Each structure stands twice: as C-alpha cells, then as structure tokens.
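K.L.:
See query_3.txt below, with compact mmCIF, C-alpha atoms (C1' of nucleotides).
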```txt
# COMPACT_ATOMS: atom_id res chain seq x y z
CA MET A 7 19.63 3.18 17.30
CA SER A 8 18.50 1.60 20.54
CA TRP A 9 16.71 2.96 23.55
CA ASN A 10 19.43 3.59 26.07
CA ASP A 11 18.65 5.36 29.34
CA GLU A 12 19.70 8.69 27.96
CA ARG A 13 17.40 8.52 24.97
CA VAL A 14 14.52 7.23 27.07
CA GLU A 15 14.93 10.13 29.48
CA LEU A 16 14.97 12.60 26.64
CA LEU A 17 11.93 10.91 25.19
CA LYS A 18 10.08 11.21 28.49
CA LYS A 19 11.04 14.85 28.87
CA LEU A 20 10.03 15.86 25.36
CA TRP A 21 6.79 13.89 25.57
CA GLN A 22 5.87 15.55 28.85
CA ASP A 23 6.76 18.88 27.30
CA GLY A 24 4.01 18.23 24.81
CA LEU A 25 6.07 17.69 21.69
CA SER A 26 4.51 15.53 19.05
CA ALA A 27 5.85 12.08 18.33
CA SER A 28 7.30 13.13 15.00
CA GLN A 29 9.05 16.11 16.58
CA ILE A 30 10.53 13.87 19.24
CA ALA A 31 11.63 11.40 16.61
CA ALA A 32 13.40 14.17 14.74
CA GLU A 33 15.01 15.37 17.96
CA LEU A 34 16.27 11.93 18.90
CA GLY A 35 17.27 10.94 15.43
CA GLY A 36 17.47 7.43 14.07
CA VAL A 37 13.88 6.61 14.89
CA THR A 38 10.52 7.20 13.29
CA ARG A 39 7.49 8.69 14.97
CA ASN A 40 6.03 5.19 15.06
CA ALA A 41 8.98 4.06 17.10
CA VAL A 42 8.47 6.97 19.48
CA ILE A 43 4.79 6.26 19.89
CA GLY A 44 5.42 2.60 20.39
CA LYS A 45 8.00 3.34 23.05
CA VAL A 46 5.74 5.86 24.75
CA HIS A 47 3.07 3.21 25.03
CA ARG A 48 5.41 0.59 26.34
CA LEU A 49 6.64 3.03 28.93
CA GLY A 50 3.03 3.53 29.93
CA LEU A 51 3.09 7.30 29.54
CA SER A 52 0.56 7.62 26.76
CA GLY A 53 -2.52 9.74 27.15
CA ARG A 54 -0.89 13.04 28.00
CA VAL A 55 -3.97 15.17 28.41
CA LYS A 56 -6.48 12.69 27.26
CA SER A 57 -9.99 11.96 28.39
CA PRO A 58 -10.22 10.76 32.02
CA THR A 59 -12.25 7.76 30.88
CA PRO A 60 -10.27 5.96 28.22
CA SER A 61 -12.23 2.77 28.76
CA LEU A 62 -15.34 4.39 27.34
CA ALA A 63 -13.89 4.32 23.86
CA PRO A 64 -12.11 1.02 23.36
CA ARG A 65 -10.44 0.78 20.00
CA ARG A 66 -12.04 -1.41 17.44
CA PRO A 67 -10.15 -4.65 16.98
CA ARG A 68 -8.58 -5.24 13.61
CA ALA A 69 -10.62 -7.46 11.38
CA THR A 70 -7.88 -9.61 9.89
CA PRO A 71 -4.18 -9.15 9.30
CA GLN A 72 -3.91 -6.74 6.39
CA HIS A 73 -0.17 -6.65 6.04
CA SER A 74 0.27 -10.37 5.42
CA GLN A 75 -0.54 -9.73 1.77
CA PRO A 76 -0.09 -6.71 -0.47
CA ARG A 77 -3.20 -4.89 -1.50
CA PRO A 78 -4.62 -6.13 -4.80
CA ARG A 79 -3.59 -3.95 -7.65
CA PHE A 80 -4.90 -4.01 -11.15
CA ALA A 81 -2.70 -5.80 -13.62
CA THR A 82 -1.34 -4.10 -16.64
CA GLN A 83 -0.68 -5.42 -20.07
CA GLY A 84 1.66 -3.43 -22.25
CA ASN A 85 0.64 0.16 -21.84
CA VAL A 86 -2.95 -0.53 -21.00
CA ALA A 87 -4.33 -1.02 -17.54
CA LEU A 88 -6.77 -3.87 -17.47
CA ALA A 89 -10.09 -3.45 -15.81
CA PRO A 90 -10.79 -5.84 -12.97
CA THR A 91 -12.83 -8.33 -14.90
CA PRO A 92 -14.35 -11.12 -12.81
CA VAL A 93 -12.45 -13.65 -14.89
CA ALA A 94 -8.91 -13.21 -13.71
CA LEU A 95 -9.02 -10.57 -11.02
CA PRO A 96 -10.94 -10.11 -7.80
CA SER A 97 -13.57 -7.49 -8.26
CA PRO A 98 -12.96 -4.52 -5.97
CA MET A 99 -16.54 -4.21 -4.74
CA PRO A 100 -18.44 -7.33 -5.75
CA HIS A 101 -21.96 -6.40 -4.77
CA GLN A 102 -21.89 -2.63 -4.58
CA GLU A 103 -20.58 -0.07 -6.99
CA ALA A 104 -20.21 -2.49 -9.85
CA GLU A 105 -23.27 -1.51 -11.82
CA VAL A 106 -24.25 1.73 -10.16
CA MET A 107 -23.24 4.77 -12.11
CA PRO A 108 -24.09 8.45 -11.99
CA PHE A 109 -24.57 8.44 -15.74
CA SER A 110 -25.71 5.99 -18.34
CA CYS A 111 -22.89 4.25 -20.16
CA GLU A 112 -22.78 3.74 -23.87
CA ARG A 113 -22.73 -0.03 -23.27
CA VAL A 114 -20.64 -1.01 -26.26
CA THR A 115 -19.54 -4.47 -27.34
CA ILE A 116 -15.89 -5.35 -27.73
CA MET A 117 -16.25 -4.94 -31.48
CA GLU A 118 -17.60 -1.44 -31.06
CA LEU A 119 -14.92 -0.50 -28.55
CA ARG A 120 -12.50 2.10 -29.87
CA GLU A 121 -9.35 3.73 -28.63
CA CYS A 122 -11.20 6.75 -27.26
CA MET A 123 -13.77 4.63 -25.40
CA CYS A 124 -13.82 3.55 -21.79
CA ARG A 125 -12.83 -0.09 -21.31
CA TRP A 126 -14.58 -0.55 -17.98
CA PRO A 127 -16.42 -3.91 -18.07
CA LEU A 128 -20.16 -4.08 -17.43
CA GLY A 129 -21.59 -7.39 -16.42
CA ASP A 130 -20.35 -10.92 -16.79
CA PRO A 131 -17.73 -11.41 -19.51
CA SER A 132 -18.89 -14.96 -20.07
CA ARG A 133 -22.34 -13.76 -21.07
CA SER A 134 -23.39 -12.41 -24.42
CA ASP A 135 -24.80 -9.26 -22.89
CA PHE A 136 -21.38 -8.31 -21.61
CA ARG A 137 -20.49 -4.74 -22.58
CA PHE A 138 -17.93 -2.08 -21.94
CA CYS A 139 -18.72 1.36 -20.61
CA GLY A 140 -17.70 3.04 -23.85
CA SER A 141 -17.86 6.61 -22.58
CA LYS A 142 -15.33 9.03 -23.91
CA THR A 143 -11.85 8.76 -22.44
CA ASN A 144 -9.20 11.37 -22.13
CA PRO A 145 -6.54 10.91 -24.84
CA GLY A 146 -4.61 7.73 -24.10
CA ALA A 147 -6.58 6.87 -21.01
CA PRO A 148 -8.17 3.42 -20.75
CA TYR A 149 -11.19 4.61 -18.79
CA CYS A 150 -13.58 7.51 -18.66
CA ASP A 151 -13.09 9.92 -15.78
CA TYR A 152 -15.59 8.15 -13.59
CA HIS A 153 -14.13 4.69 -13.98
CA ALA A 154 -10.57 5.96 -13.87
CA ARG A 155 -11.35 7.10 -10.35
CA MET A 156 -12.45 3.61 -9.44
CA ALA A 157 -9.52 1.89 -11.09
CA TYR A 158 -6.85 4.17 -9.71
CA GLN A 159 -8.35 5.00 -6.36
CA THR A 160 -5.65 5.72 -3.82
CA VAL A 161 -5.46 4.08 -0.43
CA SER A 162 -6.43 7.26 1.35
CA GLU A 163 -9.35 7.81 -0.97
CA ARG A 164 -10.52 4.27 -0.40
CA ARG A 165 -10.17 4.68 3.33
CA ARG A 166 -12.03 7.96 3.26
CA GLU A 167 -14.90 6.42 1.35
CA ARG A 168 -15.02 3.37 3.57
CA ARG A 169 -15.18 5.61 6.60
CA ALA A 170 -17.87 7.76 5.06
CA ALA A 171 -19.89 4.66 4.24
CA ALA A 172 -19.53 3.26 7.73
CA GLY A 173 -20.68 6.51 9.27
C1' DC B 2 -2.74 16.23 1.59
C1' DC B 3 -0.56 17.48 5.54
C1' DC B 4 -0.63 15.98 10.24
C1' DT B 5 -1.92 13.62 15.19
C1' DG B 6 -1.81 9.51 18.54
C1' DA B 7 -3.41 4.33 19.00
C1' DT B 8 -3.20 -0.39 17.93
C1' DT B 9 -1.77 -4.80 16.12
C1' DC B 10 1.48 -8.19 15.30
C1' DG B 11 5.61 -10.16 12.73
C1' DC B 12 9.95 -9.97 13.92
C1' DG C 11 10.87 -5.16 23.23
C1' DC C 12 10.72 -3.05 18.79
C1' DG C 13 8.50 -0.48 15.13
C1' DA C 14 6.12 -0.67 10.27
C1' DA C 15 1.74 -0.84 8.81
C1' DT C 16 -2.40 0.38 9.77
C1' DC C 17 -6.39 2.55 11.97
C1' DA C 18 -9.04 6.52 13.19
C1' DG C 19 -9.27 10.84 13.04
C1' DG C 20 -7.91 16.65 12.94
```
Show me the file's structure as structure tokens.

P.N.:
Amino acid sequence: MSWNDERVELLKKLWQDGLSASQIAAELGGVTRNAVIGKVHRLGLSGRVKSPTPSLAPRRPRATPQHSQPRPRFATQGNVALAPTPVALPSPMPHQEAEVMPFSCERVTIMELRECMCRWPLGDPSRSDFRFCGSKTNPGAPYCDYHARMAYQTVSERRRERRAAAG
DNA sequence: CCCTGATTCGC
DNA sequence: GCGAATCAGG
C-alpha cells in the first residue's frame, strides 16, 4: 500500500479528528501504526494538542544503533539453559547485579551441584573459589526463582528496570 | 500488559 | 520517502 492523495487526505482528516495512530492504521488498512506516525511526522502535522513549547523537551539522542545486532540471548544446551558465565558469554550486567543478592546463596561447588539446585554462577569460573548459587529450584528449572528472573528477563522488564534505575 | 506518540536510520 | 525497531511514557 502506498500513500496516494486519497489515503493521505483520509490520514489528515482522521488525525485531525483525534483518532490514534493505530486506529487510523486500521481504518486505512495495509499499514501499521508506525507507518501512520511516520507519515504524520513527514507531513509536519504532528503535535495535535501538544505543549506550545516543544523545544523545551528535546528527545534524547539514541546512544548507538541497537537494531544492527540482535539482543544477546542466553545459549542453551540440550534442555538446560546455560547461565551467562564470563567464559563464553557476555555477562548481562558486569559490574552491578552480579554478586548482589537479596538472600545468601548456598554457594555450592560443581561437585555438590544437584538437579534441584540453582546453576547460577558466582564468581570467576577460572578460580577455585568459583561456586554456583545452589538454592532450591522449581522442578526441572535450572535456576532458583531469583536467578530465573535475571536469566529470563523480558525486554519490557529490562527496560522498566533501566528506566527506574535512571530515574 | 495493554496502549500512546516520537525518533532514528537502514532501506 | 518509508516504516520497523525502538524509545519514553500513560
């Protein structure tokens, strides 16, 4: 679907009528709300009832292109999700969050690790004091509840936390 | 989690 | 110019 005059006119009308971008997209058909918003901006009719001083709140520039690479995901081996050990995988939060826990872990060695114990790594795997969390896991789960949240954190959760941390 | 508009940037 | 991915928020 392309933006012919007819569709652009309808877009303008619906936008001025106060419909949301997704509603307009549904009305037009063949386009997403992103397409509608993008078109609205290019037409220069954004800011319907916005603040009279848009320059006061310039949008923060993007840090670096995020969509050039897929987000790092934890690898899996067989049925078991591997924790992000510093050996093969980039640690999700290198300086923060790695050692800080709301409870004290069992701190078990690999020999003491059992099926029902959390496999979250603690410390440097190349060192002899390397341990696993070892807290109780739910049946079949590789991590305890706390570390499962870290390992399987969703994008929105991560965003929410980042935002909360930034203030 | 559902949604909103705003922005960037590869295409 | 287009719009998906993303951001920032309600």

K.L.:
Mind listing as a list in words which residues of chain C are within 8 Å of chain A, counting only C-alpha atoms (C1' of nucleotides)?

P.N.:
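In the required form, that comes to DC12, DG13, DA14 and DA15 of chain C.
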
K.L.:
Residues of chain B near chain A: apply a cut-off of 9 Å, count all atoms listed in the file, and supply the list as a PyMOL selection string.

P.N.:
chain B and resi 5-10

K.L.:
So what do you get for CA of Cys150 (chain A) versus CA of Met123 (chain A), distance-wise?

P.N.:
7.3 Å

K.L.:
For CA of His153 (chain A) and CA of Trp126 (chain A), quote the distance in Å rounded to one decimal.

P.N.:
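Distance reported for this atom pair: 6.6 Å.
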
K.L.:
What is the CA of Ser134 (chain A)-CA of Pro148 (chain A) distance in Å, reported with one decimal?

P.N.:
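Separation between CA of Ser134 (chain A) and CA of Pro148 (chain A): 22.3 Å.
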
K.L.:
Could you name the residues that touch region 142-144 of chain A at 12 Å or less, counting all atoms listed in the file, but leaving out those on the same chain fewer than 2 positions away, as a count of residues only?

P.N.:
24
